[in-house]
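Heads up, the thing below is written out as structure tokens.
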Amino acid sequence: MKIAITGCNGSVGTRVVLKALEQGHSVVGIDVTPKPDSSPLTTFYQLDLRDYDPIFTVFQNEKIEGIVHLAGIRTPEDYLVKAHNNNVTATWNIYTAAGTLGIKRLAMASSVNVINLVWSKTPIKLDYFPIDENHPTLPDEPYGLSKVIGEIQADSVVKRWPDMRIASIRLHYSVPGKKMIQEMGLESRTGDLWGYIQEDSGAEAFLTAVTDDSLAWKGHEAFFIASPTIAFDGVSSESLRKKYYPNVPVKDGKELAANQGFFDCTKAETMLGWVHKDTPSDTLTLSDHNN
């Protein structure tokens with residue numbers, strides 16, 4: 001499949017590019033920054049995704065078949081307008097160009113921050129654990145809000161173009177391995193619920209959503225993508241709940257056994273066939289595709 005990957009130079013984008021090439025796909029990279037010398041990409045466009053016409057032209061001329069949209073500002077920055085306006089405009093431009101051109105397979109980088117977590121300016125309020133896709137999405141900051149709006153945009157787009165399949169990938173903190181989280185310390189990860197996603201496993205989620213022909217669903221679906229366990233070995237998740245979130249109940253029929261994660265990714269397993277894998281990132285490197 002010929003796949004456009006926006007934000008291809010970023011930490012998530014580079015892993016998705018490598019996985020896509022490893023799987024034999026043709027990749028068109030798009031980023032607002034110049035292509036690094038280490039990039040394995042042979043087809044690359046430096047674009048500002050807030051400008052619609054160049055996006056449409058690239059998708060049309062390159063005959064794009066699927067899109068992984070990762071580009072965007074990854075934090076609230078100044079908590080004013082930059083992250084919100086950039087992300088919302090770019091995502092709408094991607095969706096509109098895709099729909100107009102008949103591109104039916106898309107995966108968008110949403111975030112676990114569609115609920116109010118680490119970037120929140122107010123006390124974190126959660127309804128229950130483990131968190132699933134039915135949990136309310138009420139962020140109080142511009143980055144998380146931009147991701148919620150991106151998901152609402154997807155709901156709108158698939159009404160206009162019902163043959164499209166859009167996956168909003170609510171990615172947790174993407175890292176090479178949980179050791180990186182452990183080194184940050186338990187207290188510092190309270191707002192992230194001590195979770196993470198191994199970066200290559202996260203890349204698999206994006207690519208599966210776009211390339212797997214066996215997936216039966218159409219329309220728009222959101223998926224939490226996180227490790228099934230917290231990053232800290234030997235730490236009881238229930239003890240963390242009681243200490244840091246004593247007023248958040250465990251959902252009926254669920255539990256937080258041992259070091260079980262605070263996100264329920266059953267939907268991703270059921271509808272995408274995705275399961276988390278803690279494989280080391282150094283099994284796949286940029287040099288593998290440069291040689």
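Following the order of the structure tokens, chains are lettered A, B, ..., residues in each are numbered from 1, and ligands are numbered from 1.
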
*Which polymer residues have any atom within 12 Å of an atom of Leu101 of chain A, counting only C-alpha atoms, with same-chain residues fewer than 4 positions away left out, as a PyMOL selection string?*
chain A and resi 55-66+94-97+105+161+164

Could the residues in this selection be saved with N, CA, C and O atoms as a PDB file, in the first residue's frame?
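Here's the written file out15.pdb:
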```
ATOM      1  N   ILE A  55      -1.341  19.958   0.422  1.00  0.00           N
ATOM      2  CA  ILE A  55      -1.665  18.605   0.899  1.00  0.00           C
ATOM      3  C   ILE A  55      -2.471  17.860  -0.154  1.00  0.00           C
ATOM      4  O   ILE A  55      -2.165  16.708  -0.509  1.00  0.00           O
ATOM      5  N   PHE A  56      -3.510  18.509  -0.645  1.00  0.00           N
ATOM      6  CA  PHE A  56      -4.361  17.891  -1.667  1.00  0.00           C
ATOM      7  C   PHE A  56      -3.521  17.495  -2.881  1.00  0.00           C
ATOM      8  O   PHE A  56      -3.662  16.385  -3.417  1.00  0.00           O
ATOM      9  N   THR A  57      -2.642  18.389  -3.313  1.00  0.00           N
ATOM     10  CA  THR A  57      -1.823  18.128  -4.499  1.00  0.00           C
ATOM     11  C   THR A  57      -0.910  16.923  -4.299  1.00  0.00           C
ATOM     12  O   THR A  57      -0.785  16.061  -5.187  1.00  0.00           O
ATOM     13  N   VAL A  58      -0.259  16.840  -3.141  1.00  0.00           N
ATOM     14  CA  VAL A  58       0.624  15.700  -2.869  1.00  0.00           C
ATOM     15  C   VAL A  58      -0.173  14.403  -2.844  1.00  0.00           C
ATOM     16  O   VAL A  58       0.221  13.400  -3.471  1.00  0.00           O
ATOM     17  N   PHE A  59      -1.278  14.374  -2.123  1.00  0.00           N
ATOM     18  CA  PHE A  59      -2.086  13.151  -2.057  1.00  0.00           C
ATOM     19  C   PHE A  59      -2.557  12.733  -3.449  1.00  0.00           C
ATOM     20  O   PHE A  59      -2.559  11.534  -3.778  1.00  0.00           O
ATOM     21  N   GLN A  60      -2.946  13.711  -4.253  1.00  0.00           N
ATOM     22  CA  GLN A  60      -3.446  13.403  -5.599  1.00  0.00           C
ATOM     23  C   GLN A  60      -2.323  12.920  -6.516  1.00  0.00           C
ATOM     24  O   GLN A  60      -2.452  11.885  -7.182  1.00  0.00           O
ATOM     25  N   ASN A  61      -1.220  13.652  -6.554  1.00  0.00           N
ATOM     26  CA  ASN A  61      -0.130  13.301  -7.467  1.00  0.00           C
ATOM     27  C   ASN A  61       0.549  11.991  -7.089  1.00  0.00           C
ATOM     28  O   ASN A  61       0.998  11.234  -7.971  1.00  0.00           O
ATOM     29  N   GLU A  62       0.639  11.727  -5.794  1.00  0.00           N
ATOM     30  CA  GLU A  62       1.311  10.505  -5.338  1.00  0.00           C
ATOM     31  C   GLU A  62       0.375   9.291  -5.311  1.00  0.00           C
ATOM     32  O   GLU A  62       0.808   8.187  -5.017  1.00  0.00           O
ATOM     33  N   LYS A  63      -0.902   9.521  -5.605  1.00  0.00           N
ATOM     34  CA  LYS A  63      -1.897   8.433  -5.608  1.00  0.00           C
ATOM     35  C   LYS A  63      -1.888   7.679  -4.263  1.00  0.00           C
ATOM     36  O   LYS A  63      -1.761   6.453  -4.199  1.00  0.00           O
ATOM     37  N   ILE A  64      -2.032   8.456  -3.207  1.00  0.00           N
ATOM     38  CA  ILE A  64      -2.000   7.905  -1.847  1.00  0.00           C
ATOM     39  C   ILE A  64      -3.206   6.994  -1.613  1.00  0.00           C
ATOM     40  O   ILE A  64      -4.333   7.311  -1.990  1.00  0.00           O
ATOM     41  N   GLU A  65      -2.956   5.854  -0.940  1.00  0.00           N
ATOM     42  CA  GLU A  65      -4.018   4.884  -0.646  1.00  0.00           C
ATOM     43  C   GLU A  65      -4.406   4.861   0.834  1.00  0.00           C
ATOM     44  O   GLU A  65      -5.513   4.438   1.188  1.00  0.00           O
ATOM     45  N   GLY A  66      -3.489   5.260   1.705  1.00  0.00           N
ATOM     46  CA  GLY A  66      -3.767   5.287   3.131  1.00  0.00           C
ATOM     47  C   GLY A  66      -2.939   6.374   3.787  1.00  0.00           C
ATOM     48  O   GLY A  66      -1.897   6.793   3.258  1.00  0.00           O
ATOM     49  N   ILE A  94      -6.318  17.327   6.435  1.00  0.00           N
ATOM     50  CA  ILE A  94      -6.005  15.944   6.060  1.00  0.00           C
ATOM     51  C   ILE A  94      -7.286  15.185   5.743  1.00  0.00           C
ATOM     52  O   ILE A  94      -7.397  14.492   4.717  1.00  0.00           O
ATOM     53  N   TYR A  95      -8.265  15.282   6.632  1.00  0.00           N
ATOM     54  CA  TYR A  95      -9.519  14.554   6.430  1.00  0.00           C
ATOM     55  C   TYR A  95     -10.233  14.995   5.154  1.00  0.00           C
ATOM     56  O   TYR A  95     -10.746  14.169   4.390  1.00  0.00           O
ATOM     57  N   THR A  96     -10.279  16.300   4.931  1.00  0.00           N
ATOM     58  CA  THR A  96     -11.002  16.809   3.773  1.00  0.00           C
ATOM     59  C   THR A  96     -10.324  16.409   2.470  1.00  0.00           C
ATOM     60  O   THR A  96     -10.999  16.010   1.505  1.00  0.00           O
ATOM     61  N   ALA A  97      -9.015  16.501   2.411  1.00  0.00           N
ATOM     62  CA  ALA A  97      -8.291  16.077   1.206  1.00  0.00           C
ATOM     63  C   ALA A  97      -8.500  14.584   0.960  1.00  0.00           C
ATOM     64  O   ALA A  97      -8.738  14.159  -0.177  1.00  0.00           O
ATOM     65  N   ARG A 105      -8.625   4.821   3.986  1.00  0.00           N
ATOM     66  CA  ARG A 105      -7.978   4.272   5.185  1.00  0.00           C
ATOM     67  C   ARG A 105      -7.139   5.337   5.873  1.00  0.00           C
ATOM     68  O   ARG A 105      -6.152   5.831   5.299  1.00  0.00           O
ATOM     69  N   TRP A 161     -18.480  10.906   3.918  1.00  0.00           N
ATOM     70  CA  TRP A 161     -17.857   9.863   3.097  1.00  0.00           C
ATOM     71  C   TRP A 161     -17.927   8.533   3.854  1.00  0.00           C
ATOM     72  O   TRP A 161     -16.969   8.130   4.526  1.00  0.00           O
ATOM     73  N   MET A 164     -15.201   5.621   4.310  1.00  0.00           N
ATOM     74  CA  MET A 164     -13.918   5.833   4.984  1.00  0.00           C
ATOM     75  C   MET A 164     -13.849   5.036   6.274  1.00  0.00           C
ATOM     76  O   MET A 164     -14.863   4.791   6.937  1.00  0.00           O
TER      77      MET A 164
END
```

*Among segment 50-107 of chain A, which residues carry a DSSP assignment of strand (DSSP E), reported as a PyMOL selection string?*
chain A and resi 66-69+105-107

Export N, CA and C atoms of the chosen residues as an mmCIF file, in the first residue's frame?
```cif
data_model
loop_
_atom_site.group_PDB
_atom_site.id
_atom_site.type_symbol
_atom_site.label_atom_id
_atom_site.label_comp_id
_atom_site.auth_asym_id
_atom_site.auth_seq_id
_atom_site.Cartn_x
_atom_site.Cartn_y
_atom_site.Cartn_z
ATOM 1 N N GLY A 66 -3.489 5.260 1.705
ATOM 2 C CA GLY A 66 -3.767 5.287 3.131
ATOM 3 C C GLY A 66 -2.939 6.374 3.787
ATOM 4 N N ILE A 67 -3.420 6.854 4.939
ATOM 5 C CA ILE A 67 -2.751 7.961 5.622
ATOM 6 C C ILE A 67 -2.591 7.647 7.100
ATOM 7 N N VAL A 68 -1.385 7.872 7.621
ATOM 8 C CA VAL A 68 -1.147 7.888 9.066
ATOM 9 C C VAL A 68 -0.810 9.329 9.419
ATOM 10 N N HIS A 69 -1.721 9.968 10.135
ATOM 11 C CA HIS A 69 -1.562 11.396 10.450
ATOM 12 C C HIS A 69 -1.025 11.554 11.869
ATOM 13 N N ARG A 105 -8.625 4.821 3.986
ATOM 14 C CA ARG A 105 -7.978 4.272 5.185
ATOM 15 C C ARG A 105 -7.139 5.337 5.873
ATOM 16 N N LEU A 106 -7.489 5.687 7.110
ATOM 17 C CA LEU A 106 -6.739 6.689 7.865
ATOM 18 C C LEU A 106 -6.600 6.269 9.319
ATOM 19 N N ALA A 107 -5.444 6.605 9.880
ATOM 20 C CA ALA A 107 -5.225 6.484 11.321
ATOM 21 C C ALA A 107 -4.683 7.814 11.813
#
```

Which segment 42-135 of chain A residues have any atom within 7 Å of an atom of segment 258-263 of chain A, and for each, what is the nearest pair of atoms with distance in Å to one decimal, counting only C-alpha atoms, rows sorted by chain and number, as CSV?
```
residue,atom,partner,partner_atom,distance
A:Phe129,CA,A:Phe262,CA,6.1
A:Pro130,CA,A:Phe262,CA,4.6
A:Ile131,CA,A:Phe263,CA,4.6
A:Asp132,CA,A:Phe263,CA,6.2
```

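Close contacts of Ser11 of chain A, defined as residues with an atom at most 10 Å away when counting only C-alpha atoms, with chain neighbours fewer than 2 positions off set aside, comprise Gly7, Cys8, Asn9, Gly13, Thr14, Arg15, Val16, Leu70, Ser174, Val175, Pro176 and Glu199 of chain A.
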
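From atom CA of His276 of chain A back to atom CA of Phe232 of chain A, the distance works out to 16.1 Å.
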
_What's the separation between atom CA of Leu171 of chain A and atom CA of Gly102 of chain A, in Å to one decimal place?_
26.3 Å

*Counting only C-alpha atoms, what is within 8 Å of Leu117 of chain A, bar same-chain residues fewer than 6 positions away, as a PyMOL selection string?*
chain A and resi 124+139+191-192

Could you take the residues named above and write them with all heavy atoms, as a PDB file, in the first residue's frame?
```pdb
ATOM      1  N   ILE A 124      -7.102  16.461  38.566  1.00  0.00           N
ATOM      2  CA  ILE A 124      -7.542  15.379  37.691  1.00  0.00           C
ATOM      3  C   ILE A 124      -8.773  14.708  38.288  1.00  0.00           C
ATOM      4  O   ILE A 124      -8.750  14.267  39.440  1.00  0.00           O
ATOM      5  CB  ILE A 124      -6.411  14.355  37.479  1.00  0.00           C
ATOM      6  CG1 ILE A 124      -5.250  15.009  36.725  1.00  0.00           C
ATOM      7  CG2 ILE A 124      -6.921  13.129  36.722  1.00  0.00           C
ATOM      8  CD1 ILE A 124      -4.028  14.137  36.584  1.00  0.00           C
ATOM      9  N   PRO A 139     -11.003  17.339  28.589  1.00  0.00           N
ATOM     10  CA  PRO A 139      -9.739  18.007  28.934  1.00  0.00           C
ATOM     11  C   PRO A 139      -9.962  19.486  29.194  1.00  0.00           C
ATOM     12  O   PRO A 139     -10.909  20.089  28.678  1.00  0.00           O
ATOM     13  CB  PRO A 139      -8.881  17.787  27.682  1.00  0.00           C
ATOM     14  CG  PRO A 139      -9.879  17.692  26.574  1.00  0.00           C
ATOM     15  CD  PRO A 139     -11.067  16.984  27.169  1.00  0.00           C
ATOM     16  N   GLY A 191       0.344  11.774  36.977  1.00  0.00           N
ATOM     17  CA  GLY A 191      -0.599  12.333  36.015  1.00  0.00           C
ATOM     18  C   GLY A 191      -0.766  11.518  34.762  1.00  0.00           C
ATOM     19  O   GLY A 191      -1.734  11.698  34.011  1.00  0.00           O
ATOM     20  N   ASP A 192       0.170  10.618  34.486  1.00  0.00           N
ATOM     21  CA  ASP A 192       0.090   9.718  33.337  1.00  0.00           C
ATOM     22  C   ASP A 192      -0.443   8.341  33.723  1.00  0.00           C
ATOM     23  O   ASP A 192      -0.464   7.434  32.895  1.00  0.00           O
ATOM     24  CB  ASP A 192       1.480   9.527  32.711  1.00  0.00           C
ATOM     25  CG  ASP A 192       1.757  10.531  31.604  1.00  0.00           C
ATOM     26  OD1 ASP A 192       0.796  11.064  31.029  1.00  0.00           O
ATOM     27  OD2 ASP A 192       2.936  10.775  31.311  1.00  0.00           O
TER      28      ASP A 192
END
```

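Atom CA of His172 of chain A lies 16.4 Å from atom CA of Leu186 of chain A.
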
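In this comparison, which uses only C-alpha atoms, the residue of A:Arg50, A:Lys104, A:Arg189, A:Arg241 approaching Trp92 of chain A most closely is A:Arg50.
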
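Omitting Leu215 of chain A and its sequence neighbours fewer than 3 positions away, and counting only C-alpha atoms, the residues within 10 Å are Arg165, Thr208, Ala209, Val210, Thr211, Asp212, Lys218, Met271, Leu272 and Gly273 of chain A.
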
*Could you give me, as a PyMOL selection string, each residue of segment 72-252 of chain A that DSSP assigns to alpha helix (DSSP H) when run on this structure's backbone?*
chain A and resi 82-101+142-160+178-184+199-211+237-244

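If only C-alpha atoms are the atoms counted, then among A:Lys19, A:His84, A:Lys277, A:Lys267 the closest residue to Arg170 of chain A is A:Lys267.
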